file structure_14.cif (mmCIF, C-alpha atoms)
data_upload
loop_
_atom_site.group_PDB
_atom_site.id
_atom_site.type_symbol
_atom_site.label_atom_id
_atom_site.label_comp_id
_atom_site.auth_asym_id
_atom_site.auth_seq_id
_atom_site.Cartn_x
_atom_site.Cartn_y
_atom_site.Cartn_z
ATOM 1 C CA GLU A 1 0.000 0.000 0.000
ATOM 2 C CA ASN A 2 2.897 2.383 0.580
ATOM 3 C CA ASP A 3 4.080 1.750 -2.962
ATOM 4 C CA ASP A 4 0.505 2.295 -4.191
ATOM 5 C CA VAL A 5 0.303 5.681 -2.457
ATOM 6 C CA PHE A 6 3.586 6.767 -4.015
ATOM 7 C CA GLU A 7 2.482 5.602 -7.461
ATOM 8 C CA SER A 8 -0.845 7.424 -7.008
ATOM 9 C CA ARG A 9 1.102 10.617 -6.258
ATOM 10 C CA ASN A 10 3.146 10.105 -9.422
ATOM 11 C CA TYR A 11 0.068 9.312 -11.511
ATOM 12 C CA MET A 12 -1.685 12.509 -10.425
ATOM 13 C CA ILE A 13 1.345 14.642 -11.251
ATOM 14 C CA GLU A 14 1.869 12.992 -14.622
ATOM 15 C CA ASN A 15 -1.783 13.100 -15.700
ATOM 16 C CA TYR A 16 -3.337 16.238 -14.196
ATOM 17 C CA SER A 17 -1.860 19.599 -15.123
ATOM 18 C CA PHE A 18 -3.513 21.325 -12.159
ATOM 19 C CA VAL A 19 -1.362 19.294 -9.724
ATOM 20 C CA ASP A 20 1.791 21.237 -8.930
ATOM 21 C CA ALA A 21 4.642 18.784 -8.283
ATOM 22 C CA SER A 22 6.428 21.410 -6.190
ATOM 23 C CA ARG A 23 3.520 21.627 -3.735
ATOM 24 C CA VAL A 24 2.713 18.052 -2.731
ATOM 25 C CA GLY A 25 2.378 17.072 0.899
ATOM 26 C CA VAL A 26 1.131 13.926 2.531
ATOM 27 C CA ILE A 27 -1.071 13.592 5.604
ATOM 28 C CA GLY A 28 -2.589 10.692 7.450
ATOM 29 C CA TRP A 29 -4.099 9.580 10.733
ATOM 30 C CA SER A 30 -3.456 6.268 12.528
ATOM 31 C CA HIS A 31 -2.700 3.705 9.797
ATOM 32 C CA GLY A 32 -2.739 6.639 7.398
ATOM 33 C CA GLY A 33 -0.219 8.323 9.694
ATOM 34 C CA MET A 34 2.045 5.338 9.148
ATOM 35 C CA ILE A 35 1.603 5.765 5.399
ATOM 36 C CA ALA A 36 2.426 9.489 5.661
ATOM 37 C CA LEU A 37 5.581 8.635 7.620
ATOM 38 C CA MET A 38 6.617 5.969 5.139
ATOM 39 C CA GLN A 39 6.108 8.389 2.225
ATOM 40 C CA ILE A 40 8.177 11.202 3.731
ATOM 41 C CA LEU A 41 10.856 8.822 5.032
ATOM 42 C CA GLN A 42 11.182 6.693 1.889
ATOM 43 C CA HIS A 43 10.341 9.282 -0.797
ATOM 44 C CA GLY A 44 11.165 12.593 0.868
ATOM 45 C CA ASP A 45 12.503 14.107 -2.339
ATOM 46 C CA HIS A 46 8.999 13.857 -3.831
ATOM 47 C CA TYR A 47 7.074 15.628 -1.064
ATOM 48 C CA GLN A 48 7.404 19.062 0.490
ATOM 49 C CA CYS A 49 6.120 18.069 3.949
ATOM 50 C CA ALA A 50 4.124 15.517 5.927
ATOM 51 C CA PHE A 51 1.720 15.368 8.840
ATOM 52 C CA ALA A 52 1.308 12.122 10.779
ATOM 53 C CA GLY A 53 -1.454 12.001 13.376
ATOM 54 C CA VAL A 54 -1.226 9.198 15.966
ATOM 55 C CA PRO A 55 0.839 7.192 13.481
ATOM 56 C CA VAL A 56 1.383 3.472 13.737
ATOM 57 C CA SER A 57 5.158 3.685 13.960
ATOM 58 C CA ASP A 58 6.814 0.511 15.173
ATOM 59 C CA LEU A 59 5.385 -2.991 14.804
ATOM 60 C CA GLU A 60 7.633 -4.545 17.442
ATOM 61 C CA ASN A 61 6.401 -2.032 20.017
ATOM 62 C CA ARG A 62 2.835 -2.379 18.784
ATOM 63 C CA LEU A 63 2.771 -6.160 19.026
ATOM 64 C CA ALA A 64 4.270 -6.060 22.512
ATOM 65 C CA SER A 65 1.608 -3.630 23.738
ATOM 66 C CA HIS A 66 -1.524 -5.112 22.136
ATOM 67 C CA ASP A 67 -3.332 -8.359 22.874
ATOM 68 C CA GLU A 68 -2.775 -11.691 21.143
ATOM 69 C CA SER A 69 -5.494 -11.062 18.531
ATOM 70 C CA TYR A 70 -3.341 -8.323 17.044
ATOM 71 C CA THR A 71 -0.411 -10.729 16.650
ATOM 72 C CA GLU A 72 -2.775 -13.271 15.066
ATOM 73 C CA TYR A 73 -3.791 -10.653 12.507
ATOM 74 C CA PHE A 74 -0.184 -10.200 11.357
ATOM 75 C CA THR A 75 0.683 -13.898 11.349
ATOM 76 C CA ALA A 76 -2.353 -14.813 9.251
ATOM 77 C CA PRO A 77 -1.468 -16.310 5.823
ATOM 78 C CA HIS A 78 -3.148 -13.391 4.004
ATOM 79 C CA HIS A 79 -0.968 -10.876 5.863
ATOM 80 C CA ILE A 80 2.714 -11.414 6.763
ATOM 81 C CA GLY A 81 2.179 -15.084 7.540
ATOM 82 C CA GLU A 82 5.020 -15.255 10.038
ATOM 83 C CA SER A 83 5.579 -14.022 13.556
ATOM 84 C CA ILE A 84 7.992 -11.255 14.430
ATOM 85 C CA GLN A 85 10.305 -13.902 15.899
ATOM 86 C CA GLU A 86 10.271 -15.808 12.595
ATOM 87 C CA ASN A 87 10.819 -12.783 10.365
ATOM 88 C CA PRO A 88 11.977 -9.696 12.300
ATOM 89 C CA ALA A 89 13.316 -8.065 9.120
ATOM 90 C CA GLU A 90 9.836 -7.978 7.548
ATOM 91 C CA TYR A 91 8.355 -6.306 10.626
ATOM 92 C CA ALA A 92 11.176 -3.756 10.640
ATOM 93 C CA ARG A 93 10.614 -3.123 6.921
ATOM 94 C CA ARG A 94 7.003 -2.197 7.693
ATOM 95 C CA SER A 95 7.910 0.108 10.613
ATOM 96 C CA PRO A 96 8.556 3.833 10.061
ATOM 97 C CA THR A 97 11.033 3.903 12.964
ATOM 98 C CA HIS A 98 13.305 1.770 10.773
ATOM 99 C CA TYR A 99 13.599 4.675 8.294
ATOM 100 C CA ALA A 100 13.867 7.626 10.722
ATOM 101 C CA ALA A 101 17.407 8.459 9.617
ATOM 102 C CA ASN A 102 16.057 9.323 6.146
ATOM 103 C CA LEU A 103 13.970 12.355 7.182
ATOM 104 C CA ASN A 104 14.878 15.317 4.986
ATOM 105 C CA LYS A 105 11.639 17.317 4.801
ATOM 106 C CA PRO A 106 9.371 19.091 7.305
ATOM 107 C CA LEU A 107 7.314 16.720 9.436
ATOM 108 C CA LEU A 108 4.652 17.285 12.079
ATOM 109 C CA ILE A 109 3.553 14.470 14.402
ATOM 110 C CA TYR A 110 0.611 14.554 16.834
ATOM 111 C CA THR A 111 -0.236 11.988 19.495
ATOM 112 C CA ASN A 112 -2.526 11.811 22.502
ATOM 113 C CA THR A 113 -1.853 10.329 25.933
ATOM 114 C CA ASN A 114 -5.287 8.687 26.142
ATOM 115 C CA ASP A 115 -5.255 7.031 22.709
ATOM 116 C CA ASN A 116 -6.545 3.476 23.165
ATOM 117 C CA ASP A 117 -5.340 2.237 19.762
ATOM 118 C CA VAL A 118 -2.000 3.790 18.833
ATOM 119 C CA TYR A 119 -0.545 4.135 22.295
ATOM 120 C CA VAL A 120 1.443 7.262 23.040
ATOM 121 C CA GLU A 121 4.500 5.126 23.831
ATOM 122 C CA GLU A 122 4.615 3.868 20.243
ATOM 123 C CA VAL A 123 4.517 7.393 18.827
ATOM 124 C CA LYS A 124 7.065 8.592 21.388
ATOM 125 C CA LEU A 125 9.359 5.824 20.146
ATOM 126 C CA MET A 126 9.101 7.366 16.659
ATOM 127 C CA ILE A 127 9.785 10.828 18.091
ATOM 128 C CA ASP A 128 12.757 9.578 20.111
ATOM 129 C CA THR A 129 14.173 7.691 17.123
ATOM 130 C CA LEU A 130 14.013 10.824 14.964
ATOM 131 C CA LYS A 131 15.736 12.781 17.731
ATOM 132 C CA LYS A 132 18.402 10.093 18.079
ATOM 133 C CA HIS A 133 19.212 10.648 14.404
ATOM 134 C CA GLY A 134 19.386 14.410 14.935
ATOM 135 C CA LYS A 135 16.385 15.136 12.743
ATOM 136 C CA GLN A 136 14.545 18.455 12.834
ATOM 137 C CA PHE A 137 10.758 18.056 13.000
ATOM 138 C CA GLU A 138 7.757 19.242 14.971
ATOM 139 C CA TYR A 139 5.542 17.261 17.295
ATOM 140 C CA LYS A 140 2.991 17.643 20.031
ATOM 141 C CA VAL A 141 1.883 15.186 22.668
ATOM 142 C CA PHE A 142 -1.668 16.122 23.653
ATOM 143 C CA GLN A 143 -2.541 15.384 27.282
ATOM 144 C CA ASP A 144 -5.835 13.466 27.540
ATOM 145 C CA ALA A 145 -7.471 15.346 24.654
ATOM 146 C CA ALA A 146 -11.168 14.575 24.321
ATOM 147 C CA GLY A 147 -11.867 11.879 21.742
ATOM 148 C CA GLY A 148 -8.882 9.626 22.473
ATOM 149 C CA HIS A 149 -7.666 8.114 19.191
ATOM 150 C CA GLY A 150 -9.887 10.396 17.084
ATOM 151 C CA PHE A 151 -9.218 13.572 19.058
ATOM 152 C CA ASP A 152 -8.959 15.806 16.009
ATOM 153 C CA ARG A 153 -12.014 14.357 14.268
ATOM 154 C CA ILE A 154 -14.724 15.103 16.786
ATOM 155 C CA ASP A 155 -17.051 18.098 16.615
ATOM 156 C CA SER A 156 -15.550 20.337 19.267
ATOM 157 C CA LYS A 157 -13.766 23.674 19.398
ATOM 158 C CA GLU A 158 -10.561 21.925 20.536
ATOM 159 C CA ALA A 159 -10.652 19.486 17.601
ATOM 160 C CA THR A 160 -11.330 22.300 15.127
ATOM 161 C CA ASP A 161 -8.401 24.270 16.515
ATOM 162 C CA ILE A 162 -6.169 21.192 16.267
ATOM 163 C CA ARG A 163 -7.141 20.676 12.616
ATOM 164 C CA PHE A 164 -6.375 24.337 11.948
ATOM 165 C CA THR A 165 -2.843 23.927 13.325
ATOM 166 C CA VAL A 166 -2.309 21.097 10.834
ATOM 167 C CA HIS A 167 -3.517 23.370 8.022
ATOM 168 C CA GLN A 168 -1.151 26.112 9.214
ATOM 169 C CA PHE A 169 1.765 23.671 9.131
ATOM 170 C CA LEU A 170 0.874 22.553 5.591
ATOM 171 C CA GLN A 171 0.449 26.169 4.442
ATOM 172 C CA ARG A 172 4.013 27.031 5.472
ATOM 173 C CA TYR A 173 5.416 24.482 3.024
ATOM 174 C CA LEU A 174 2.781 24.167 0.302
ATOM 175 C CA ASN A 175 1.889 27.850 -0.215
ATOM 176 C CA PRO A 176 -1.776 27.368 -1.201
ATOM 177 C CA PRO A 177 -3.277 30.187 -3.282
ATOM 178 C CA LYS A 178 -6.206 30.542 -0.860
ATOM 179 C CA PRO A 179 -4.970 29.707 2.653
ATOM 180 C CA PHE A 180 -7.315 29.366 5.588
ATOM 181 C CA THR A 181 -7.223 32.516 7.683
ATOM 182 C CA SER A 182 -8.902 31.097 10.781
ATOM 183 C CA ALA A 183 -10.147 27.848 12.275
ATOM 184 C CA ALA A 184 -13.670 28.896 11.266
#
call {"tool": "encode", "arguments": {"input": "structure_14.cif", "output": "structure tokens"}}
result
Amino acid sequence: ENDDVFESRNYMIENYSFVDASRVGVIGWSHGGMIALMQILQHGDHYQCAFAGVPVSDLENRLASHDESYTEYFTAPHHIGESIQENPAEYARRSPTHYAANLNKPLLIYTNTNDNDVYVEEVKLMIDTLKKHGKQFEYKVFQDAAGGHGFDRIDSKEATDIRFTVHQFLQRYLNPPKPFTSAA
């Protein structure tokens, strides 16, 4: 799917004249956050910036922190088909933390301490790995924001303001012709 997202980006640029190749960013939330990380970390020269909200970041950490049903999902024949003990390289290959040293474009990461799906510890591992590699990026750890995993997607003033900060980040690097002037 990460290859598909990259090829979709390329297809749009090659086939639609209204897509400006110098103003392409990538954003995602949760699993989509993982995809955004993988795009900016593996294909950074093709994007201007990325936002990753509560991104799945490290499968080893994730499997250790979730119940057995999650491990069963990954070891199923239609998925990886092997456990992390049997094929650690494949799990690393699918983990953005494995590519942290590659960051060369602006990145914003958000996480929430009361997320019951992508635990804050997993996202902090991504943040710490980027720091270990001396990478410059932005992040915010929200403290018990309403909505848990979907804290920016609920209908509240706080969530609207959070979404606006993401738009402001994207505007700095993508220079849209009609930027948002307020959260409203």
call {"tool": "atom_distance", "arguments": {"input": "structure_14.cif", "atom1": "CA of Asn2 (chain A)", "atom2": "CA of Met38 (chain A)"}}
result
6.9 Å
call {"tool": "closest_residue", "arguments": {"input": "structure_14.cif", "among": "A:Asp3, A:Glu82, A:Glu60, A:Asp117", "to": "His43 (chain A)", "atoms": "only C-alpha atoms"}}
result
A:Asp3
call {"tool": "closest_residue", "arguments": {"input": "structure_14.cif", "among": "A:Pro77, A:Gly53, A:Pro88, A:Pro179", "to": "Asp152 (chain A)", "atoms": "all atoms listed in the file"}}
result
A:Gly53
call {"tool": "closest_residue", "arguments": {"input": "structure_14.cif", "among": "A:Gln48, A:Ser95, A:Thr181, A:Asn116", "to": "Gly150 (chain A)", "atoms": "all atoms listed in the file"}}
result
A:Asn116
call {"tool": "closest_residue", "arguments": {"input": "structure_14.cif", "among": "A:Val141, A:Leu125, A:Val26, A:Ala92", "to": "Ile109 (chain A)", "atoms": "all atoms listed in the file"}}
result
A:Val141
